Amino acid sequence: MEQVTIYGRSSCGFCIRAKDLCESMQVPYTWIDMMEKGISKADIADKIGKPVHTVPQIFVGQQHIGGFDEFYAYVREHEAASAR
C-alpha cells in the first residue's frame with residue numbers, strides 16, 4: 001500500500017484509531033495534526049474539491065479515501081485482494 005496521510009486532531013478518537021490501524025497493519029503513514037499545523041477542514045475541502053465535515057481525512061498516495069470508516073473498508077479490501 002502506498003504512503004498514507006492522516007489529517008486529524010490528537011483529541012479525535014477516530015483519528016487515533018486510523019493511526020493505530022496503520023501501525024497494526026504495518027502501513028507507512030504520515031500524521032498531520034491539523035490544530036498544530038493550523039489546517040482547517042476548509043483547507044482540506046479546497047484540496048479535495050468537496051466539503052469536509054469530520055476528521056480524520058485520509059489519503060492513500062494522492063487518492064482521497066475519506067474518514068476512518070472508509071479507510072477501514074479500503075484497508076480490508078486491499079488486504080483481501082493481496083491474499084488472493
# chains A, B, ... in the order shown; residues from 1 in each chain; ligands from 1
$ residues_around --residues "Gly38 in chain A" --least-positions-apart "6" --cutoff "12 Å" --atoms "only C-alpha atoms" --output "NGL selection string"
:A and (7-9 or 32 or 44)
$ write_last_selection --atoms "C-alpha atoms" --output "CSV table (one decimal), in the first residue's frame"
chain,number,residue,atom,x,y,z
A,7,TYR,CA,-5.1,14.7,8.7
A,8,GLY,CA,-6.6,14.8,12.1
A,9,ARG,CA,-6.6,16.0,15.7
A,32,ILE,CA,-0.6,15.7,10.3
A,44,ILE,CA,-8.8,20.1,3.2
$ residues_around --residues "range 1-3 of chain A" --least-positions-apart "3" --cutoff "12 Å" --atoms "only C-alpha atoms" --output "list in words"
Ile6, Cys22, Met25, Gln26, Val27, Pro28, Tyr29, Thr30, Trp31, Ile58, Phe59, Val60, Gly61, Gln62, Gln63, Tyr74, Val75, Arg76, Glu77, His78, Glu79, Ala81 and Ser82 of chain A
$ write_last_selection --atoms "N, CA and C atoms" --output "PDB file, in the first residue's frame"
ATOM      1  N   ILE A   6      -2.708  11.015   7.150  1.00  0.00           N
ATOM      2  CA  ILE A   6      -3.882  11.195   8.006  1.00  0.00           C
ATOM      3  C   ILE A   6      -3.889  12.631   8.511  1.00  0.00           C
ATOM      4  N   CYS A  22      -3.019   1.742  10.966  1.00  0.00           N
ATOM      5  CA  CYS A  22      -1.800   1.758  10.150  1.00  0.00           C
ATOM      6  C   CYS A  22      -0.669   1.031  10.854  1.00  0.00           C
ATOM      7  N   MET A  25      -1.208  -2.775  10.950  1.00  0.00           N
ATOM      8  CA  MET A  25      -1.098  -3.391   9.622  1.00  0.00           C
ATOM      9  C   MET A  25       0.276  -3.125   8.988  1.00  0.00           C
ATOM     10  N   GLN A  26       1.121  -2.425   9.726  1.00  0.00           N
ATOM     11  CA  GLN A  26       2.460  -2.048   9.251  1.00  0.00           C
ATOM     12  C   GLN A  26       2.392  -1.273   7.928  1.00  0.00           C
ATOM     13  N   VAL A  27       1.457  -0.342   7.874  1.00  0.00           N
ATOM     14  CA  VAL A  27       1.289   0.527   6.709  1.00  0.00           C
ATOM     15  C   VAL A  27       2.011   1.837   7.016  1.00  0.00           C
ATOM     16  N   PRO A  28       2.897   2.279   6.122  1.00  0.00           N
ATOM     17  CA  PRO A  28       3.589   3.550   6.376  1.00  0.00           C
ATOM     18  C   PRO A  28       2.605   4.721   6.313  1.00  0.00           C
ATOM     19  N   TYR A  29       2.685   5.599   7.296  1.00  0.00           N
ATOM     20  CA  TYR A  29       1.763   6.733   7.316  1.00  0.00           C
ATOM     21  C   TYR A  29       2.440   7.980   7.840  1.00  0.00           C
ATOM     22  N   THR A  30       1.857   9.108   7.472  1.00  0.00           N
ATOM     23  CA  THR A  30       2.261  10.403   7.992  1.00  0.00           C
ATOM     24  C   THR A  30       1.066  10.982   8.728  1.00  0.00           C
ATOM     25  N   TRP A  31       1.293  11.402   9.951  1.00  0.00           N
ATOM     26  CA  TRP A  31       0.259  12.015  10.779  1.00  0.00           C
ATOM     27  C   TRP A  31       0.418  13.526  10.692  1.00  0.00           C
ATOM     28  N   ILE A  58      -8.332  11.080   5.209  1.00  0.00           N
ATOM     29  CA  ILE A  58      -7.223  10.168   4.937  1.00  0.00           C
ATOM     30  C   ILE A  58      -6.991  10.035   3.441  1.00  0.00           C
ATOM     31  N   PHE A  59      -5.713  10.060   3.079  1.00  0.00           N
ATOM     32  CA  PHE A  59      -5.273   9.889   1.701  1.00  0.00           C
ATOM     33  C   PHE A  59      -4.358   8.673   1.625  1.00  0.00           C
ATOM     34  N   VAL A  60      -4.479   7.923   0.536  1.00  0.00           N
ATOM     35  CA  VAL A  60      -3.519   6.869   0.219  1.00  0.00           C
ATOM     36  C   VAL A  60      -2.837   7.344  -1.054  1.00  0.00           C
ATOM     37  N   GLY A  61      -1.553   7.633  -0.959  1.00  0.00           N
ATOM     38  CA  GLY A  61      -0.885   8.315  -2.058  1.00  0.00           C
ATOM     39  C   GLY A  61      -1.563   9.655  -2.246  1.00  0.00           C
ATOM     40  N   GLN A  62      -1.997   9.949  -3.456  1.00  0.00           N
ATOM     41  CA  GLN A  62      -2.716  11.200  -3.743  1.00  0.00           C
ATOM     42  C   GLN A  62      -4.228  11.012  -3.727  1.00  0.00           C
ATOM     43  N   GLN A  63      -4.688   9.768  -3.516  1.00  0.00           N
ATOM     44  CA  GLN A  63      -6.123   9.460  -3.559  1.00  0.00           C
ATOM     45  C   GLN A  63      -6.783   9.736  -2.214  1.00  0.00           C
ATOM     46  N   TYR A  74     -11.270   0.325   3.015  1.00  0.00           N
ATOM     47  CA  TYR A  74     -10.223   0.311   1.996  1.00  0.00           C
ATOM     48  C   TYR A  74      -9.103  -0.640   2.390  1.00  0.00           C
ATOM     49  N   VAL A  75      -8.674  -0.578   3.646  1.00  0.00           N
ATOM     50  CA  VAL A  75      -7.593  -1.447   4.129  1.00  0.00           C
ATOM     51  C   VAL A  75      -8.021  -2.908   4.057  1.00  0.00           C
ATOM     52  N   ARG A  76      -9.232  -3.220   4.492  1.00  0.00           N
ATOM     53  CA  ARG A  76      -9.727  -4.600   4.457  1.00  0.00           C
ATOM     54  C   ARG A  76      -9.816  -5.110   3.022  1.00  0.00           C
ATOM     55  N   GLU A  77     -10.284  -4.258   2.122  1.00  0.00           N
ATOM     56  CA  GLU A  77     -10.385  -4.643   0.714  1.00  0.00           C
ATOM     57  C   GLU A  77      -8.986  -4.892   0.127  1.00  0.00           C
ATOM     58  N   HIS A  78      -8.051  -4.017   0.449  1.00  0.00           N
ATOM     59  CA  HIS A  78      -6.675  -4.157  -0.033  1.00  0.00           C
ATOM     60  C   HIS A  78      -6.051  -5.432   0.527  1.00  0.00           C
ATOM     61  N   GLU A  79      -6.308  -5.707   1.792  1.00  0.00           N
ATOM     62  CA  GLU A  79      -5.791  -6.910   2.446  1.00  0.00           C
ATOM     63  C   GLU A  79      -6.353  -8.170   1.783  1.00  0.00           C
ATOM     64  N   ALA A  81      -7.510  -8.444  -1.295  1.00  0.00           N
ATOM     65  CA  ALA A  81      -7.011  -8.539  -2.651  1.00  0.00           C
ATOM     66  C   ALA A  81      -5.578  -9.081  -2.684  1.00  0.00           C
ATOM     67  N   SER A  82      -4.763  -8.709  -1.713  1.00  0.00           N
ATOM     68  CA  SER A  82      -3.372  -9.185  -1.712  1.00  0.00           C
ATOM     69  C   SER A  82      -3.270 -10.604  -1.171  1.00  0.00           C
TER      70      SER A  82
END
$ closest_residue --among "A:Ile65, A:Val4, A:Val52, A:Met35" --to "Leu21 in chain A" --atoms "only C-alpha atoms"
A:Val4
$ residues_around --residues "Gly67 in chain A" --least-positions-apart "6" --cutoff "7 Å" --atoms "only C-alpha atoms" --output "number ranges by chain"
A: 55-58
$ closest_residue --among "A:Thr5, A:Met34, A:Asp46, A:Cys12" --to "Phe71 in chain A" --atoms "only C-alpha atoms"
A:Thr5
$ atom_distance --atom1 "CA of Asp69 in chain A" --atom2 "CA of Ser24 in chain A"
16.2 Å
$ atom_distance --atom1 "CA of Ala45 in chain A" --atom2 "CA of Glu23 in chain A"
26.4 Å
$ decode --residues "range 21-54 of chain A" --atoms "N, CA and C atoms" --output "compact mmCIF listing (two decimals), in the first residue's frame"
# COMPACT_ATOMS: atom_id res chain seq x y z
N LEU A 21 -4.60 1.62 13.29
CA LEU A 21 -4.81 0.66 12.21
C LEU A 21 -3.57 0.59 11.31
N CYS A 22 -3.02 1.74 10.97
CA CYS A 22 -1.80 1.76 10.15
C CYS A 22 -0.67 1.03 10.85
N GLU A 23 -0.50 1.30 12.14
CA GLU A 23 0.57 0.66 12.89
C GLU A 23 0.37 -0.84 12.99
N SER A 24 -0.84 -1.28 13.24
CA SER A 24 -1.10 -2.72 13.39
C SER A 24 -0.95 -3.46 12.06
N MET A 25 -1.21 -2.78 10.95
CA MET A 25 -1.10 -3.39 9.62
C MET A 25 0.28 -3.13 8.99
N GLN A 26 1.12 -2.43 9.73
CA GLN A 26 2.46 -2.05 9.25
C GLN A 26 2.39 -1.27 7.93
N VAL A 27 1.46 -0.34 7.87
CA VAL A 27 1.29 0.53 6.71
C VAL A 27 2.01 1.84 7.02
N PRO A 28 2.90 2.28 6.12
CA PRO A 28 3.59 3.55 6.38
C PRO A 28 2.60 4.72 6.31
N TYR A 29 2.69 5.60 7.30
CA TYR A 29 1.76 6.73 7.32
C TYR A 29 2.44 7.98 7.84
N THR A 30 1.86 9.11 7.47
CA THR A 30 2.26 10.40 7.99
C THR A 30 1.07 10.98 8.73
N TRP A 31 1.29 11.40 9.95
CA TRP A 31 0.26 12.02 10.78
C TRP A 31 0.42 13.53 10.69
N ILE A 32 -0.64 14.23 10.34
CA ILE A 32 -0.63 15.68 10.31
C ILE A 32 -1.67 16.18 11.28
N ASP A 33 -1.19 16.76 12.38
CA ASP A 33 -2.08 17.32 13.40
C ASP A 33 -2.58 18.66 12.89
N MET A 34 -3.85 18.72 12.55
CA MET A 34 -4.43 19.91 11.95
C MET A 34 -4.38 21.12 12.88
N MET A 35 -4.55 20.90 14.17
CA MET A 35 -4.51 22.01 15.12
C MET A 35 -3.09 22.57 15.20
N GLU A 36 -2.12 21.68 15.29
CA GLU A 36 -0.72 22.08 15.40
C GLU A 36 -0.24 22.82 14.15
N LYS A 37 -0.71 22.39 12.98
CA LYS A 37 -0.27 22.98 11.71
C LYS A 37 -1.17 24.11 11.24
N GLY A 38 -2.26 24.38 11.96
CA GLY A 38 -3.17 25.46 11.58
C GLY A 38 -3.96 25.15 10.30
N ILE A 39 -4.25 23.88 10.09
CA ILE A 39 -5.01 23.45 8.90
C ILE A 39 -6.48 23.30 9.31
N SER A 40 -7.35 23.88 8.51
CA SER A 40 -8.79 23.78 8.80
C SER A 40 -9.44 22.74 7.90
N LYS A 41 -10.68 22.38 8.24
CA LYS A 41 -11.44 21.48 7.37
C LYS A 41 -11.67 22.14 6.02
N ALA A 42 -11.80 23.46 6.00
CA ALA A 42 -11.96 24.19 4.73
C ALA A 42 -10.72 24.03 3.86
N ASP A 43 -9.54 24.01 4.47
CA ASP A 43 -8.30 23.80 3.71
C ASP A 43 -8.30 22.42 3.05
N ILE A 44 -8.75 21.41 3.78
CA ILE A 44 -8.83 20.06 3.22
C ILE A 44 -9.88 20.03 2.11
N ALA A 45 -11.01 20.68 2.35
CA ALA A 45 -12.07 20.74 1.34
C ALA A 45 -11.55 21.35 0.04
N ASP A 46 -10.74 22.39 0.16
CA ASP A 46 -10.16 23.01 -1.04
C ASP A 46 -9.27 22.02 -1.78
N LYS A 47 -8.55 21.20 -1.02
CA LYS A 47 -7.63 20.22 -1.62
C LYS A 47 -8.38 19.11 -2.37
N ILE A 48 -9.51 18.67 -1.83
CA ILE A 48 -10.22 17.53 -2.43
C ILE A 48 -11.41 17.95 -3.29
N GLY A 49 -11.80 19.21 -3.19
CA GLY A 49 -12.87 19.71 -4.04
C GLY A 49 -14.27 19.38 -3.59
N LYS A 50 -14.43 19.07 -2.31
CA LYS A 50 -15.78 18.86 -1.76
C LYS A 50 -15.76 19.18 -0.27
N PRO A 51 -16.93 19.47 0.30
CA PRO A 51 -16.98 19.86 1.72
C PRO A 51 -16.46 18.75 2.64
N VAL A 52 -15.84 19.17 3.72
CA VAL A 52 -15.34 18.26 4.74
C VAL A 52 -15.99 18.65 6.06
N HIS A 53 -16.63 17.68 6.70
CA HIS A 53 -17.33 17.96 7.96
C HIS A 53 -16.71 17.26 9.16
N THR A 54 -15.89 16.25 8.91
CA THR A 54 -15.34 15.45 10.00
C THR A 54 -13.85 15.20 9.79
